[in-house]
Amino acid sequence: MTPNKAKYYDQINPDLLYRLPTTAKTILEIGCGSGALGQAFKAINPDATYLGVELMNEPARIARSRLDQVWTCNVEIDGQFKLPDSHQSIDALVYGDVLEHLNNPLRLLQQQQEWLSEDGVVIACIPNVQHWSVLLNLISGRWPQEDQGIFDRTHLRWFTRQSIEELFKAAGLHLAEIHPRIFKPEEAQQFAMAMAPSLKAMNINPDQLLQGCAPLQYVITATKIPVKPLILQGLMLKPQAGMNE
């Protein structure tokens, strides 16, 4: 692998890591790369069994030194991967920037969510095709082809927040959280402001456009059964004696 490719397969998404249940006994990551996310999680919970599936041989080889078990296969080809009999259920299924690379992400979600334990979770990160950089390129008549990122040439599917919600609901999953990952928010604001005159003619709310075009990705947490939200409220006095709110 080239240095850039090696780095691509060795990235850790902190928004995925922090959403993995720390008490999970068994985690399965589809598209685990070189196992960096699993290695970071096992530093938090060394007793967990972390399983990985990776299509590319070299990252999978590295992942085997970090994770408990790794398979090199194409999960969309029937029979290439099945959950081993030694693992009756999975506490967390992880798809970090994977679903957009699949021919049929709905079918895979429908199949693999059957492996979840009763309180198991699906955690995924998906690029947002409504991102301002995509809209700007389209308006300019361009569609870049890049090695990674939102214009990754290997993407087969494209999602907005609405179509992400539709995908998970169609798979029979209940959305617990859709977290926007926003980088360079000032550039998204500049784009929305530049588009404001045209938006009025199209009856599009500028604030609504900004909300949709600012996230580069969405991190999704979903469950097999609905989760009742827990609301915490706090009240603090005005800052005193050097203490901050």
# chains A, B, ... in the order shown; residues from 1 in each chain; ligands from 1
call {"tool": "select_by_dssp", "arguments": {"residues": "range 66-105 of chain A", "states": "strand (DSSP E)", "output": "NGL selection string"}}
result
:A and (69-72 or 90-96)
call {"tool": "closest_atom_pairs", "arguments": {"of": "range 65-85 of chain A", "to": "range 35-48 of chain A", "cutoff": "10 Å", "atoms": "only C-alpha atoms", "output": "JSON lines"}}
result
{"residue": "A:Ser65", "atom": "CA", "partner": "A:Gly35", "partner_atom": "CA", "distance": 8.4}
{"residue": "A:Arg66", "atom": "CA", "partner": "A:Gln39", "partner_atom": "CA", "distance": 5.7}
{"residue": "A:Leu67", "atom": "CA", "partner": "A:Gly38", "partner_atom": "CA", "distance": 6.4}
{"residue": "A:Asp68", "atom": "CA", "partner": "A:Ala48", "partner_atom": "CA", "distance": 9.0}
{"residue": "A:Val70", "atom": "CA", "partner": "A:Gly35", "partner_atom": "CA", "distance": 9.0}
call {"tool": "closest_residue", "arguments": {"among": "A:Gln112, A:Ser89, A:Gln130, A:Gln69", "to": "Gln217 in chain A", "atoms": "only C-alpha atoms"}}
result
A:Gln130
call {"tool": "atom_distance", "arguments": {"atom1": "CA of Glu114 in chain A", "atom2": "CA of Lys224 in chain A"}}
result
8.6 Å
call {"tool": "select_by_dssp", "arguments": {"residues": "range 30-225 of chain A", "states": "helix (DSSP H, G or I)", "output": "MDAnalysis selection string"}}
result
chainID A and resid 36:44 57:63 99:101 105:115 132:139 161:170 185:201 206:213
call {"tool": "closest_residue", "arguments": {"among": "A:Asp152, A:Thr23, A:Cys125, A:Leu136", "to": "Ala194 in chain A", "atoms": "only C-alpha atoms"}}
result
A:Leu136
